[in-house]
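So the structure is just underneath, and the comments pick up after that.
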Amino acid sequence: MTAAVFVMIIGFFPLLGFVTEPPAILTSERRAPAKLPVFSAKTVISGEFADKFESYAADNIPLRERLRTLRAAAVFGVFMQTDKDGLYFTPEGAGKFAALDSASVELAADKIKRVADGLSDMNVYYSFIPDKSIYIKARRFPGFDPAEAERIMTSRLSSDEFTFIPLTNALGIGDYYKTDLHWDQTKISGVTSALGAAMGVEVDMSGCTTLYAGEFFGVYAGQVALPTGSDSMYYISFPGLTAEYLNEKTLAAESAPVYDVEGFSGVDPYDIFLRGAQPLVVLENKNAATERELYLFRDSFSSSLAPLLASAYSKVVLIDLRYLDSRLLDQYIEFVPGSDVLFLFSSQILNNSSVLRA
């Protein structure tokens, strides 16, 4: 009996994987499955075939999602581990919580200075968004250390040229989605107040409309492979706010909605905000009380933040240095002297600052 079960597991499931149609995309993990590697003498001798075949077999094995759930239940429920491959799961929220990488934070600060030095006569501000690990009280996690991040950045960025805006106390665990790394746009009034007060503008929420997008499962829901429940997504619409996006193929600006409602039903529901990953986005507010402009160097968190800040500015230009090299900024952006510049990155970017092209 034992031998028969062993043979079935080792032989039957992989063979069944060959005859069944592999999924086009692993929805729970938001990625394409590994492809069957090329079989040749070269790939076999080098070990490349064995390495890639292992990934292929794991991604295409029948009953894969049920087996992932079984493993997660064993990890968290039976063996009582605190994490599964670096992923933590609590009733307050799930997430991958990495300790602060001091060298990476130093590099991020140096890149901010390098970009800012290329801008003249600007009011330059910077801050960071801590991950939700520091707000989870149930148990201690090896999460981001905001105090140390602030110390490193302020030590490398002169207070005469840069103004730091602390945001740690403006957030709480309830401001983040439980199943995703991002914050809820409708719950970050503390962030907009802190930024507005520091930059001398008033974020005016009057006249806005809060709309319901639907229920969704964030990126961590698929990774944890356990029943997590869904999050509710709402978004805030302002009258008179328009958006233009840089077309990466034609390199021309094209108009599109601020909120991509159809994108909510795509692979990543958070793409409803400013069409997801974009190198350059320009928001214009024809109802703005001032002619001030803001240049926001950002990551994905600012996709939901920028429409709120746009209530205080006639124009908000969002620049993502992961996709747009800082040496090319002058080709696409005309920086207006006297404007505000805000560098705002999440802890995930500070810990992986090599992705910033600056």
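Order determines the names: the first chain of the structure tokens is A, the second B, and so forth; residues in each chain are numbered 1 upward, and ligands are numbered 1 upward as they are shown.
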Might you pull out every residue within 10 Å of region 66-74 of chain A, with only C-alpha atoms counted and same-chain residues fewer than 5 positions away left off, and present them as a list of chain:residue names?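 Result of the neighbour search: A:Ile61, A:Phe79, A:Met80, A:Gln81, A:Asp83, A:Lys84, A:Gly222, A:Gln223, A:Val224, A:Ala225, A:Leu226, A:Pro227.
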Output the selection as a short mmCIF file (atom, residue, chain, number, x, y, z; two decimals), in the first residue's frame - N, CA and C atoms for each residue.
```cif
data_model
loop_
_atom_site.label_atom_id
_atom_site.label_comp_id
_atom_site.auth_asym_id
_atom_site.auth_seq_id
_atom_site.Cartn_x
_atom_site.Cartn_y
_atom_site.Cartn_z
N ILE A 61 1.30 20.94 -11.87
CA ILE A 61 0.80 19.71 -11.27
C ILE A 61 -0.70 19.81 -11.02
N PHE A 79 2.08 23.05 12.44
CA PHE A 79 3.43 23.30 12.96
C PHE A 79 3.55 24.66 13.64
N MET A 80 2.49 25.49 13.57
CA MET A 80 2.43 26.77 14.28
C MET A 80 3.60 27.69 13.93
N GLN A 81 4.02 27.66 12.67
CA GLN A 81 5.08 28.56 12.24
C GLN A 81 4.51 29.97 12.10
N ASP A 83 5.56 32.12 9.82
CA ASP A 83 5.53 32.56 8.43
C ASP A 83 5.66 31.36 7.49
N LYS A 84 5.27 31.61 6.24
CA LYS A 84 5.44 30.63 5.16
C LYS A 84 6.22 31.30 4.05
N GLY A 222 -3.70 35.23 -2.46
CA GLY A 222 -3.26 34.10 -3.27
C GLY A 222 -1.99 33.48 -2.75
N GLN A 223 -1.10 34.29 -2.23
CA GLN A 223 0.17 33.77 -1.76
C GLN A 223 0.04 32.96 -0.48
N VAL A 224 -0.87 33.37 0.40
CA VAL A 224 -1.01 32.65 1.66
C VAL A 224 -1.76 31.34 1.45
N ALA A 225 -2.60 31.24 0.40
CA ALA A 225 -3.29 30.00 0.01
C ALA A 225 -4.23 29.49 1.09
N LEU A 226 -4.79 30.39 1.89
CA LEU A 226 -5.78 30.04 2.89
C LEU A 226 -6.99 30.95 2.74
N PRO A 227 -8.16 30.53 3.25
CA PRO A 227 -9.31 31.44 3.20
C PRO A 227 -9.04 32.70 4.01
#
```
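Once Gln278 (chain A) and its same-chain neighbours fewer than 6 positions away are set aside, Tyr245, Leu246, Asn247, Glu248, Asp299, Ser300, Ser303, Leu318, Ile319, Asp320, Leu321, Arg322, Tyr323 and Leu324 of chain A remain within 10 Å of it when counting only C-alpha atoms.
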Selected residues written out, N, CA and C atoms, as a short mmCIF file (atom, residue, chain, number, x, y, z; two decimals), in the first residue's frame:
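Resulting contents of out-v7.cif:
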```
data_model
loop_
_atom_site.label_atom_id
_atom_site.label_comp_id
_atom_site.auth_asym_id
_atom_site.auth_seq_id
_atom_site.Cartn_x
_atom_site.Cartn_y
_atom_site.Cartn_z
N TYR A 245 -1.48 60.00 -19.80
CA TYR A 245 -0.50 58.97 -19.57
C TYR A 245 0.50 58.94 -20.73
N LEU A 246 1.75 58.63 -20.41
CA LEU A 246 2.76 58.50 -21.43
C LEU A 246 2.62 57.14 -22.11
N ASN A 247 2.37 57.17 -23.41
CA ASN A 247 2.31 55.93 -24.18
C ASN A 247 3.73 55.45 -24.43
N GLU A 248 4.09 54.29 -23.90
CA GLU A 248 5.47 53.83 -23.96
C GLU A 248 5.88 53.41 -25.37
N ASP A 299 5.82 55.40 -6.12
CA ASP A 299 5.63 54.00 -6.48
C ASP A 299 4.12 53.76 -6.53
N SER A 300 3.68 52.52 -6.41
CA SER A 300 2.27 52.21 -6.61
C SER A 300 1.34 52.83 -5.57
N SER A 303 -0.53 55.96 -6.62
CA SER A 303 -1.60 55.89 -7.61
C SER A 303 -2.94 56.25 -6.99
N LEU A 318 3.18 62.67 -11.87
CA LEU A 318 3.67 61.48 -11.18
C LEU A 318 4.77 60.83 -12.01
N ILE A 319 5.92 60.62 -11.39
CA ILE A 319 7.09 60.06 -12.07
C ILE A 319 7.51 58.80 -11.34
N ASP A 320 7.57 57.69 -12.07
CA ASP A 320 7.98 56.42 -11.48
C ASP A 320 9.37 56.08 -12.01
N LEU A 321 10.37 56.22 -11.16
CA LEU A 321 11.76 55.99 -11.56
C LEU A 321 12.09 54.52 -11.78
N ARG A 322 11.15 53.64 -11.54
CA ARG A 322 11.37 52.24 -11.89
C ARG A 322 11.24 52.04 -13.39
N TYR A 323 10.51 52.95 -14.04
CA TYR A 323 10.23 52.79 -15.47
C TYR A 323 10.73 53.96 -16.31
N LEU A 324 11.10 55.05 -15.69
CA LEU A 324 11.57 56.23 -16.42
C LEU A 324 12.90 56.68 -15.83
#
```
With 12 Å as the cut-off and only C-alpha atoms counted, what is the closest atom pair between each nearby residue of region 53-106 of chain A and region 174-182 of chain A? Distances in Å to one decimal, ordered by chain and number, as CSV.
```
residue,atom,partner,partner_atom,distance
A:Leu87,CA,A:Thr179,CA,11.5
A:Tyr88,CA,A:Thr179,CA,10.9
A:Phe89,CA,A:Thr179,CA,9.3
A:Thr90,CA,A:Lys178,CA,9.1
A:Pro91,CA,A:Lys178,CA,8.2
A:Glu92,CA,A:Lys178,CA,6.5
A:Gly93,CA,A:Lys178,CA,4.1
A:Ala94,CA,A:Thr179,CA,5.7
A:Gly95,CA,A:Leu181,CA,6.5
A:Lys96,CA,A:Leu181,CA,8.4
A:Phe97,CA,A:Leu181,CA,9.9
```
Distance query region 329-343 of chain A at most 9 Å, only C-alpha atoms, self and fewer than 2 positions along chain excluded, as a PyMOL selection string: chain A and resi 112+116+119-128+199+246+251+280+292-298+317+319+324-327+345
Write a file of the selected residues as a PDB file, in the first residue's frame, keeping C-alpha atoms.
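What landed in again-v9.pdb:
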```pdb
ATOM      1  CA  ILE A 112      16.871  61.187  -4.176  1.00  0.00           C
ATOM      2  CA  ALA A 116      16.899  66.702  -6.708  1.00  0.00           C
ATOM      3  CA  LEU A 119      16.156  70.437 -10.304  1.00  0.00           C
ATOM      4  CA  SER A 120      16.602  74.128  -9.638  1.00  0.00           C
ATOM      5  CA  ASP A 121      14.523  76.474  -7.490  1.00  0.00           C
ATOM      6  CA  MET A 122      12.169  73.820  -6.127  1.00  0.00           C
ATOM      7  CA  ASN A 123      10.622  73.112  -2.723  1.00  0.00           C
ATOM      8  CA  VAL A 124      11.819  69.559  -2.121  1.00  0.00           C
ATOM      9  CA  TYR A 125      10.132  67.211   0.356  1.00  0.00           C
ATOM     10  CA  TYR A 126      10.543  63.505   1.010  1.00  0.00           C
ATOM     11  CA  SER A 127       8.989  60.767   3.089  1.00  0.00           C
ATOM     12  CA  PHE A 128       8.360  57.015   3.135  1.00  0.00           C
ATOM     13  CA  MET A 199       3.819  71.619   1.953  1.00  0.00           C
ATOM     14  CA  LEU A 246       2.761  58.497 -21.435  1.00  0.00           C
ATOM     15  CA  LEU A 251       6.153  58.272 -26.446  1.00  0.00           C
ATOM     16  CA  LEU A 280       4.591  59.148 -16.276  1.00  0.00           C
ATOM     17  CA  ARG A 292       0.674  75.479  -7.896  1.00  0.00           C
ATOM     18  CA  GLU A 293       2.205  72.316  -9.327  1.00  0.00           C
ATOM     19  CA  LEU A 294       3.497  69.162  -7.646  1.00  0.00           C
ATOM     20  CA  TYR A 295       6.069  66.715  -9.027  1.00  0.00           C
ATOM     21  CA  LEU A 296       5.619  63.407  -7.252  1.00  0.00           C
ATOM     22  CA  PHE A 297       8.360  60.761  -7.511  1.00  0.00           C
ATOM     23  CA  ARG A 298       6.438  57.701  -6.506  1.00  0.00           C
ATOM     24  CA  VAL A 317       3.000  65.055 -12.310  1.00  0.00           C
ATOM     25  CA  ILE A 319       7.089  60.057 -12.071  1.00  0.00           C
ATOM     26  CA  LEU A 324      11.567  56.228 -16.419  1.00  0.00           C
ATOM     27  CA  ASP A 325      15.284  57.009 -16.204  1.00  0.00           C
ATOM     28  CA  SER A 326      15.948  60.255 -14.344  1.00  0.00           C
ATOM     29  CA  ARG A 327      18.372  61.325 -17.093  1.00  0.00           C
ATOM     30  CA  PHE A 345       8.452  55.617  -1.601  1.00  0.00           C
TER      31      PHE A 345
END
```
Which residues are near region 203-212 of chain A? Cut-off 12 Å, only C-alpha atoms, ignore same chain within fewer than 2 positions. Put them as a count of residues only. 48
Would you list, as a PDB file with C-alpha atoms, in the first residue's frame, the residues of region 77-111 of chain A that end up in helix (DSSP H, G or I) under DSSP run on this structure's backbone?
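So states.pdb came out as:
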```pdb
ATOM      1  CA  GLY A  77      -2.132  25.404  11.872  1.00  0.00           C
ATOM      2  CA  VAL A  78      -0.200  22.228  12.598  1.00  0.00           C
ATOM      3  CA  SER A 102      20.336  49.919   5.741  1.00  0.00           C
ATOM      4  CA  ALA A 103      22.551  49.883   2.662  1.00  0.00           C
ATOM      5  CA  SER A 104      19.525  50.008   0.373  1.00  0.00           C
ATOM      6  CA  VAL A 105      17.974  52.903   2.302  1.00  0.00           C
ATOM      7  CA  GLU A 106      21.270  54.787   2.055  1.00  0.00           C
ATOM      8  CA  LEU A 107      21.294  54.193  -1.696  1.00  0.00           C
ATOM      9  CA  ALA A 108      17.695  55.436  -1.948  1.00  0.00           C
ATOM     10  CA  ALA A 109      18.624  58.655  -0.141  1.00  0.00           C
ATOM     11  CA  ASP A 110      21.614  59.152  -2.439  1.00  0.00           C
ATOM     12  CA  LYS A 111      19.397  58.679  -5.496  1.00  0.00           C
TER      13      LYS A 111
END
```
One residue among A:Ser265, A:Thr2, A:Ser346, A:Ser354 is nearest to Ala149 (chain A) when using only C-alpha atoms, and that residue is A:Ser346
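Of the residues listed (A:Leu344, A:Ala253, A:Val75, A:Val281), A:Val281 shows the shortest atom-to-atom separation from Lys315 (chain A); distances use only C-alpha atoms.
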Please, which residues of region 2-251 of chain A, numbered as in this document, come out strand (DSSP E) from DSSP, as a PyMOL selection string? chain A and resi 83-84+87-90+93-96+123-129+162-164+209-216+231-237+241-246
May I have the residues from that selection written out with N, CA and C atoms, as a short mmCIF file (atom, residue, chain, number, x, y, z; two decimals), in the first residue's frame?
```cif
data_model
loop_
_atom_site.label_atom_id
_atom_site.label_comp_id
_atom_site.auth_asym_id
_atom_site.auth_seq_id
_atom_site.Cartn_x
_atom_site.Cartn_y
_atom_site.Cartn_z
N ASP A 83 5.56 32.12 9.82
CA ASP A 83 5.53 32.56 8.43
C ASP A 83 5.66 31.36 7.49
N LYS A 84 5.27 31.61 6.24
CA LYS A 84 5.44 30.63 5.16
C LYS A 84 6.22 31.30 4.05
N LEU A 87 6.08 34.96 4.32
CA LEU A 87 4.74 35.54 4.31
C LEU A 87 4.08 35.31 5.66
N TYR A 88 3.62 36.37 6.28
CA TYR A 88 3.00 36.30 7.60
C TYR A 88 1.48 36.46 7.46
N PHE A 89 0.75 35.78 8.33
CA PHE A 89 -0.71 35.77 8.22
C PHE A 89 -1.32 35.89 9.61
N THR A 90 -2.03 36.99 9.84
CA THR A 90 -2.71 37.22 11.11
C THR A 90 -4.13 37.71 10.82
N GLY A 93 -4.14 41.12 9.21
CA GLY A 93 -3.65 41.30 7.85
C GLY A 93 -2.51 40.37 7.52
N ALA A 94 -2.30 40.17 6.23
CA ALA A 94 -1.21 39.33 5.75
C ALA A 94 -0.19 40.20 5.04
N GLY A 95 1.06 39.72 4.98
CA GLY A 95 2.08 40.49 4.28
C GLY A 95 3.44 39.85 4.35
N LYS A 96 4.31 40.30 3.46
CA LYS A 96 5.72 39.92 3.50
C LYS A 96 6.47 41.06 4.17
N ASN A 123 10.85 73.44 -4.12
CA ASN A 123 10.62 73.11 -2.72
C ASN A 123 10.59 71.59 -2.61
N VAL A 124 11.65 71.01 -2.07
CA VAL A 124 11.82 69.56 -2.12
C VAL A 124 11.47 68.92 -0.77
N TYR A 125 10.57 67.95 -0.82
CA TYR A 125 10.13 67.21 0.36
C TYR A 125 10.35 65.72 0.10
N TYR A 126 10.44 64.95 1.16
CA TYR A 126 10.54 63.50 1.01
C TYR A 126 9.95 62.81 2.23
N SER A 127 9.54 61.57 2.01
CA SER A 127 8.99 60.77 3.09
C SER A 127 9.01 59.30 2.65
N PHE A 128 8.48 58.43 3.50
CA PHE A 128 8.36 57.02 3.14
C PHE A 128 7.10 56.46 3.77
N ILE A 129 6.63 55.35 3.22
CA ILE A 129 5.42 54.68 3.69
C ILE A 129 5.83 53.37 4.34
N PHE A 162 16.27 69.80 1.89
CA PHE A 162 15.19 68.84 1.87
C PHE A 162 14.38 68.94 3.16
N THR A 163 13.08 68.75 3.05
CA THR A 163 12.21 68.73 4.23
C THR A 163 11.59 67.34 4.37
N PHE A 164 11.85 66.71 5.50
CA PHE A 164 11.29 65.38 5.76
C PHE A 164 9.90 65.51 6.36
N THR A 209 -16.86 62.41 -4.60
CA THR A 209 -17.84 61.33 -4.50
C THR A 209 -17.12 60.01 -4.24
N THR A 210 -17.55 59.27 -3.25
CA THR A 210 -16.97 57.97 -2.95
C THR A 210 -17.78 56.89 -3.65
N LEU A 211 -17.13 56.10 -4.47
CA LEU A 211 -17.80 55.07 -5.27
C LEU A 211 -17.28 53.69 -4.89
N TYR A 212 -18.15 52.69 -5.01
CA TYR A 212 -17.81 51.32 -4.65
C TYR A 212 -17.37 50.56 -5.90
N ALA A 213 -16.15 50.01 -5.89
CA ALA A 213 -15.65 49.25 -7.03
C ALA A 213 -16.04 47.78 -6.93
N GLY A 214 -16.00 47.22 -5.72
CA GLY A 214 -16.35 45.82 -5.53
C GLY A 214 -15.47 45.14 -4.50
N GLU A 215 -15.68 43.85 -4.33
CA GLU A 215 -14.86 43.04 -3.43
C GLU A 215 -13.68 42.46 -4.22
N PHE A 216 -12.54 42.33 -3.56
CA PHE A 216 -11.37 41.79 -4.24
C PHE A 216 -10.48 41.06 -3.25
N ASP A 231 -11.43 41.97 0.60
CA ASP A 231 -11.41 43.38 0.96
C ASP A 231 -12.42 44.12 0.09
N SER A 232 -12.93 45.22 0.60
CA SER A 232 -13.82 46.09 -0.17
C SER A 232 -13.01 47.25 -0.72
N MET A 233 -13.21 47.55 -1.99
CA MET A 233 -12.48 48.67 -2.60
C MET A 233 -13.44 49.80 -2.96
N TYR A 234 -13.12 50.98 -2.46
CA TYR A 234 -13.82 52.20 -2.80
C TYR A 234 -12.81 53.18 -3.39
N TYR A 235 -13.29 54.09 -4.21
CA TYR A 235 -12.40 55.11 -4.76
C TYR A 235 -13.11 56.46 -4.75
N ILE A 236 -12.34 57.52 -4.67
CA ILE A 236 -12.86 58.88 -4.50
C ILE A 236 -12.70 59.65 -5.80
N SER A 237 -13.81 60.11 -6.34
CA SER A 237 -13.81 60.83 -7.62
C SER A 237 -14.00 62.32 -7.39
N LEU A 241 -11.20 66.69 -12.62
CA LEU A 241 -9.87 66.10 -12.60
C LEU A 241 -9.67 65.23 -13.85
N THR A 242 -8.62 65.50 -14.59
CA THR A 242 -8.33 64.74 -15.82
C THR A 242 -6.92 64.14 -15.72
N ALA A 243 -6.67 63.14 -16.56
CA ALA A 243 -5.38 62.45 -16.52
C ALA A 243 -4.85 62.22 -17.92
N GLU A 244 -3.52 62.32 -18.05
CA GLU A 244 -2.82 61.95 -19.27
C GLU A 244 -1.70 60.99 -18.92
N TYR A 245 -1.48 60.00 -19.80
CA TYR A 245 -0.50 58.97 -19.57
C TYR A 245 0.50 58.94 -20.73
N LEU A 246 1.75 58.63 -20.41
CA LEU A 246 2.76 58.50 -21.43
C LEU A 246 2.62 57.14 -22.11
#
```
Proximity to Lys113 (chain A) - best of A:Ser347, A:Ser314, A:Ser155, A:Thr250, only C-alpha atoms: A:Ser155
With only C-alpha atoms as the counted atoms, please give the residues lying no more than 12 Å from Ala50 (chain A), apart from itself and same-chain residues fewer than 5 positions off, as a ChimeraX atom specification. /A:36-45,55-57
Same residues, N, CA and C atoms, saved as a tab-separated table (two decimals), in the first residue's frame:
```tsv
chain	number	residue	atom	x	y	z
A	36	LEU	N	7.69	24.52	-20.06
A	36	LEU	CA	8.50	23.30	-20.18
A	36	LEU	C	9.83	23.65	-20.82
A	37	PRO	N	10.96	23.37	-20.16
A	37	PRO	CA	12.26	23.75	-20.72
A	37	PRO	C	12.64	22.90	-21.93
A	38	VAL	N	13.54	23.44	-22.73
A	38	VAL	CA	14.02	22.71	-23.90
A	38	VAL	C	14.92	21.56	-23.45
A	39	PHE	N	14.65	20.37	-24.00
A	39	PHE	CA	15.44	19.19	-23.65
A	39	PHE	C	16.56	19.02	-24.68
A	40	SER	N	17.79	19.12	-24.22
A	40	SER	CA	18.95	18.92	-25.09
A	40	SER	C	20.12	18.47	-24.24
A	41	ALA	N	21.15	17.97	-24.91
A	41	ALA	CA	22.33	17.52	-24.18
A	41	ALA	C	22.94	18.67	-23.37
A	42	LYS	N	22.95	19.85	-23.97
A	42	LYS	CA	23.55	21.01	-23.31
A	42	LYS	C	22.80	21.38	-22.03
A	43	THR	N	21.43	21.46	-22.11
A	43	THR	CA	20.66	21.85	-20.94
A	43	THR	C	20.68	20.78	-19.86
A	44	VAL	N	20.80	19.50	-20.25
A	44	VAL	CA	20.85	18.42	-19.27
A	44	VAL	C	22.19	18.41	-18.54
A	45	ILE	N	23.27	18.54	-19.29
A	45	ILE	CA	24.61	18.51	-18.68
A	45	ILE	C	24.83	19.71	-17.77
A	55	SER	N	10.52	23.75	-11.61
A	55	SER	CA	9.56	24.86	-11.54
A	55	SER	C	8.35	24.57	-12.41
A	56	TYR	N	8.59	24.01	-13.60
A	56	TYR	CA	7.49	23.68	-14.51
A	56	TYR	C	6.55	22.66	-13.87
A	57	ALA	N	7.12	21.62	-13.28
A	57	ALA	CA	6.30	20.57	-12.68
A	57	ALA	C	5.49	21.10	-11.51
```
Between A:Ala99, A:Ile349, A:Val7, A:Ile134, which residue has the minimum interatomic distance to Gly172 (chain A), considering only C-alpha atoms?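 Between A:Ala99, A:Ile349, A:Val7, A:Ile134, the residue approaching Gly172 (chain A) most closely is A:Ile134.
What separates CA of Met153 (chain A) from CA of Leu171 (chain A) is a distance of 19.8 Å.
Across the model, the gap from CA of Asp85 (chain A) to CA of Trp183 (chain A) is 23.1 Å.
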Go through A:Leu100, A:Ile25, A:Pro62, A:Ala4 one by one, measure the shortest atom-to-atom distance of each to Asn351 (chain A) using only C-alpha atoms, and give the residue with the smallest value. A:Leu100
